[in-house]
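Colleague: Contents of input37.cif (mmCIF, C-alpha atoms) are given next:
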data_start
loop_
_atom_site.label_atom_id
_atom_site.label_comp_id
_atom_site.auth_asym_id
_atom_site.auth_seq_id
_atom_site.Cartn_x
_atom_site.Cartn_y
_atom_site.Cartn_z
CA MET A 1 203.15 116.11 156.22
CA ILE A 2 206.56 117.46 155.22
CA VAL A 3 207.45 118.43 151.66
CA LEU A 4 211.11 118.34 150.73
CA VAL A 5 212.20 119.94 147.47
CA ALA A 6 215.76 119.15 146.46
CA ARG A 7 217.51 120.74 143.52
CA TYR A 8 220.59 119.08 142.07
CA VAL A 9 222.95 120.74 139.59
CA CYS A 10 225.28 118.14 138.06
CA LYS A 11 228.85 118.60 137.04
CA PRO A 12 228.66 119.32 133.28
CA GLY A 13 227.54 116.35 131.19
CA LEU A 14 226.71 114.00 134.08
CA GLY A 15 222.92 114.38 133.77
CA ASP A 16 222.34 110.99 132.16
CA ALA A 17 224.34 109.17 134.85
CA VAL A 18 222.44 111.03 137.59
CA GLU A 19 219.09 110.20 135.94
CA GLU A 20 219.99 106.50 135.90
CA ALA A 21 220.96 106.54 139.58
CA LEU A 22 217.82 108.50 140.55
CA SER A 23 215.62 105.96 138.79
CA ARG A 24 217.16 103.15 140.86
CA MET A 25 216.76 105.28 143.99
CA ALA A 26 213.08 106.00 143.33
CA ALA A 27 212.30 102.30 142.88
CA LEU A 28 213.96 101.47 146.22
CA VAL A 29 212.18 104.30 148.05
CA ARG A 30 208.79 103.13 146.76
CA ARG A 31 209.50 99.52 147.67
CA ASN A 32 210.88 100.15 151.17
CA GLU A 33 209.56 103.39 152.65
CA PRO A 34 205.85 103.48 153.46
CA GLY A 35 206.38 106.80 155.26
CA CYS A 36 207.49 108.41 152.01
CA LEU A 37 204.17 109.34 150.42
CA LEU A 38 205.57 110.75 147.17
CA TYR A 39 209.01 110.64 145.56
CA HIS A 40 209.10 112.32 142.16
CA CYS A 41 212.36 112.80 140.26
CA CYS A 42 212.20 115.48 137.57
CA ARG A 43 214.76 116.62 134.99
CA SER A 44 214.86 120.20 133.75
CA GLN A 45 213.66 120.78 130.20
CA GLU A 46 215.97 123.80 129.92
CA ASN A 47 219.17 122.26 131.31
CA PRO A 48 219.61 118.45 131.24
CA ASP A 49 222.13 118.69 134.08
CA VAL A 50 219.51 120.04 136.52
CA PHE A 51 217.11 117.86 138.56
CA LEU A 52 214.34 118.57 141.03
CA LEU A 53 213.14 116.03 143.57
CA TYR A 54 209.68 116.56 145.02
CA GLU A 55 209.23 114.39 148.11
CA GLN A 56 206.48 114.08 150.71
CA TYR A 57 206.90 112.41 154.10
CA ALA A 58 204.17 111.53 156.58
CA THR A 59 206.25 112.50 159.63
CA HIS A 60 209.63 113.90 160.66
CA ALA A 61 210.55 110.36 161.72
CA ALA A 62 209.86 109.08 158.18
CA LEU A 63 212.11 111.79 156.74
CA ALA A 64 214.89 110.96 159.22
CA ALA A 65 214.49 107.26 158.44
CA HIS A 66 214.78 108.01 154.70
CA ARG A 67 218.24 109.51 155.21
CA ASP A 68 219.33 106.48 157.21
CA THR A 69 218.37 103.87 154.61
CA PRO A 70 221.14 101.89 152.91
CA HIS A 71 219.90 103.09 149.49
CA PHE A 72 220.13 106.76 150.53
CA GLN A 73 223.66 106.26 151.80
CA LYS A 74 224.76 104.22 148.79
CA ILE A 75 223.00 105.93 145.89
CA ILE A 76 222.48 109.54 147.01
CA GLU A 77 225.53 110.11 149.19
CA GLY A 78 227.82 107.58 147.53
CA GLU A 79 227.00 107.86 143.83
CA ILE A 80 225.02 111.03 143.12
CA VAL A 81 226.52 113.66 145.42
CA PRO A 82 230.03 113.19 143.95
CA MET A 83 228.49 113.94 140.51
CA LEU A 84 226.97 117.25 141.69
CA GLU A 85 228.21 120.79 141.50
CA LYS A 86 225.43 122.08 143.76
CA ARG A 87 222.74 120.59 146.01
CA GLU A 88 219.99 122.66 147.62
CA ARG A 89 217.15 121.51 149.86
CA GLU A 90 214.06 123.38 151.01
CA PHE A 91 211.26 122.33 153.35
CA TYR A 92 207.61 123.16 152.77
CA SER A 93 204.19 122.44 154.21
CA LEU A 94 201.47 121.28 151.83
CA ILE A 95 198.64 123.82 152.06
CA SER A 96 196.35 122.35 149.39
CA MET B 1 203.71 114.71 130.96
CA ILE B 2 204.93 118.20 131.81
CA VAL B 3 205.98 119.27 135.30
CA LEU B 4 205.75 122.96 136.11
CA VAL B 5 207.39 124.25 139.28
CA ALA B 6 206.45 127.79 140.19
CA ARG B 7 208.07 129.73 143.01
CA TYR B 8 206.31 132.77 144.43
CA VAL B 9 207.92 135.29 146.78
CA CYS B 10 205.27 137.54 148.31
CA LYS B 11 205.58 141.18 149.18
CA PRO B 12 206.43 141.14 152.92
CA GLY B 13 203.59 139.97 155.15
CA LEU B 14 201.20 138.90 152.38
CA GLY B 15 201.78 135.16 152.79
CA ASP B 16 198.47 134.48 154.54
CA ALA B 17 196.47 136.27 151.85
CA VAL B 18 198.33 134.38 149.11
CA GLU B 19 197.72 131.06 150.90
CA GLU B 20 193.99 131.77 151.05
CA ALA B 21 193.86 132.60 147.33
CA LEU B 22 195.94 129.54 146.39
CA SER B 23 193.57 127.27 148.32
CA ARG B 24 190.63 128.62 146.30
CA MET B 25 192.65 128.21 143.11
CA ALA B 26 193.59 124.58 143.88
CA ALA B 27 189.94 123.65 144.47
CA LEU B 28 188.91 125.14 141.12
CA VAL B 29 191.77 123.44 139.26
CA ARG B 30 190.81 120.04 140.71
CA ARG B 31 187.15 120.55 139.91
CA ASN B 32 187.59 121.84 136.34
CA GLU B 33 190.84 120.62 134.79
CA PRO B 34 191.07 116.89 134.11
CA GLY B 35 194.32 117.51 132.15
CA CYS B 36 195.98 118.81 135.32
CA LEU B 37 197.11 115.60 137.00
CA LEU B 38 198.56 117.18 140.13
CA TYR B 39 198.35 120.66 141.62
CA HIS B 40 200.13 120.96 144.95
CA CYS B 41 200.52 124.30 146.72
CA CYS B 42 203.29 124.37 149.32
CA ARG B 43 204.38 127.07 151.78
CA SER B 44 207.99 127.38 152.89
CA GLN B 45 208.77 126.34 156.46
CA GLU B 46 211.68 128.81 156.53
CA ASN B 47 209.92 131.88 155.11
CA PRO B 48 206.09 132.14 155.29
CA ASP B 49 206.12 134.56 152.37
CA VAL B 50 207.51 131.92 149.97
CA PHE B 51 205.39 129.37 148.09
CA LEU B 52 206.15 126.55 145.68
CA LEU B 53 203.58 125.12 143.29
CA TYR B 54 204.24 121.63 141.94
CA GLU B 55 201.99 120.98 138.93
CA GLN B 56 201.72 118.13 136.43
CA TYR B 57 199.92 118.33 133.09
CA ALA B 58 199.09 115.48 130.76
CA THR B 59 199.86 117.50 127.61
CA HIS B 60 201.05 120.90 126.42
CA ALA B 61 197.44 121.62 125.46
CA ALA B 62 196.30 120.99 129.05
CA LEU B 63 198.95 123.42 130.32
CA ALA B 64 197.90 126.05 127.78
CA ALA B 65 194.24 125.52 128.70
CA HIS B 66 195.12 125.97 132.40
CA ARG B 67 196.42 129.48 131.71
CA ASP B 68 193.28 130.35 129.80
CA THR B 69 190.82 129.36 132.52
CA PRO B 70 188.76 132.09 134.19
CA HIS B 71 190.12 131.03 137.61
CA PHE B 72 193.75 131.41 136.43
CA GLN B 73 193.04 134.86 135.06
CA LYS B 74 191.04 135.97 138.11
CA ILE B 75 192.94 134.39 141.00
CA ILE B 76 196.54 134.01 139.78
CA GLU B 77 196.87 136.99 137.48
CA GLY B 78 194.28 139.24 139.14
CA GLU B 79 194.73 138.55 142.85
CA ILE B 80 198.01 136.75 143.52
CA VAL B 81 200.48 138.30 141.07
CA PRO B 82 199.90 141.83 142.43
CA MET B 83 200.84 140.47 145.90
CA LEU B 84 204.18 139.06 144.66
CA GLU B 85 207.64 140.48 144.69
CA LYS B 86 208.99 137.69 142.46
CA ARG B 87 207.57 134.85 140.37
CA GLU B 88 209.73 132.14 138.77
CA ARG B 89 208.64 129.17 136.66
CA GLU B 90 210.62 126.12 135.56
CA PHE B 91 209.63 123.20 133.35
CA TYR B 92 210.66 119.62 134.02
CA SER B 93 210.06 116.11 132.72
CA LEU B 94 209.12 113.42 135.24
CA ILE B 95 211.78 110.72 135.02
CA SER B 96 210.50 108.46 137.81
#
Would you write the structure of this file as structure tokens?

Modeller:
Amino acid sequence: MIVLVARYVCKPGLGDAVEEALSRMAALVRRNEPGCLLYHCCRSQENPDVFLLYEQYATHAALAAHRDTPHFQKIIEGEIVPMLEKREREFYSLIS
Amino acid sequence: MIVLVARYVCKPGLGDAVEEALSRMAALVRRNEPGCLLYHCCRSQENPDVFLLYEQYATHAALAAHRDTPHFQKIIEGEIVPMLEKREREFYSLIS
């Protein structure tokens, strides 16, 4: 089990557009990726231009496959990343 | 629904002790707090002295009640906080 925590800081004022794209992304992940056990998109209550994605993958292969999907390439890399000022990713193990 | 993301940085070398205490904490939260919908404790794969807690509460009252439980006071405040160098908390809304 791999936990990926991604933090996105949008270019100012683009939070609503990023939220809309993330909602489409989450629906496609749930429909197409059985190896993705959890895909939660969260928006900061303090700063509406900040998002946190909390993702769980069954295996390293499932995580690699996630990045190769057409929806990752189109929505994350193609639409969302150009709207970001900063993107950070951290990897964790679930201990309980 | 409120999402709380807590990040703990331990004093050097105390990661194993914090993991043990967090495991006890998670069991007590699951057993006693129906308003806590998710309580995931994660340990960084890059730095074993870093933890991330991903928590979801049904209501603000459930979050307030969480902080008032005997296990929060004893384990988080009494045992874990003294082992930390840094503690950060952020609040999010789940968008999908």

Colleague: Applied to the shown file, which residues does the PyMOL selection byres ((chain A and resi 46-60) around 10) return, written as a PyMOL selection string?

Modeller: (chain A and resi 1-19+22+33-45+61-66+84-89+91-94) or (chain B and resi 5+54+90-96)

Colleague: For atom CA of Val81 of chain B and atom CA of Arg31 of chain B, quote the distance in Å rounded to one decimal.

Modeller: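 Answer for the atom CA of Val81 of chain B to atom CA of Arg31 of chain B separation: 22.2 Å.
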
Colleague: So what do you get for atom CA of Ile80 of chain B versus atom CA of Ser23 of chain B, distance-wise?

Modeller: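 We find that atom CA of Ile80 of chain B and atom CA of Ser23 of chain B lie 11.5 Å from each other.
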
Colleague: For chain A, which residue out of B:Ala21, B:Ala26, B:Pro82, B:Thr69 is the nearest one, using only C-alpha atoms?

Modeller: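 Closest residue, counting only C-alpha atoms: B:Ala26.
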
Colleague: Between atom CA of Met25 of chain A and atom CA of Ile75 of chain A, measure the distance and give it in Å to one decimal.

Modeller: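 About the pair atom CA of Met25 of chain A and atom CA of Ile75 of chain A: they are 6.6 Å apart.
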
Colleague: Assuming 8 Å of padding per side, give the centre and edge lengths of the axis-aligned box around every listed atom of segment 6-15 of chain B, in Å to one decimal and as lines of an AutoDock Vina configuration file.

Modeller:
center_x = 204.6
center_y = 134.5
center_z = 147.7
size_x = 22.9
size_y = 29.4
size_z = 31.0

Colleague: Since I can't run it myself right now, could you work out what the PyMOL selection byres ((chain B and resi 71) around 10) selects here and report it as a list of chain:residue names?

Modeller: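 This file, filtered by the PyMOL selection byres ((chain B and resi 71) around 10), leaves B:Arg24, B:Met25, B:Ala26, B:Leu28, B:Val29, B:Asn32, B:His66, B:Arg67, B:Asp68, B:Thr69, B:Pro70, B:Phe72, B:Gln73, B:Lys74, B:Ile75, B:Ile76, B:Glu77, B:Gly78.
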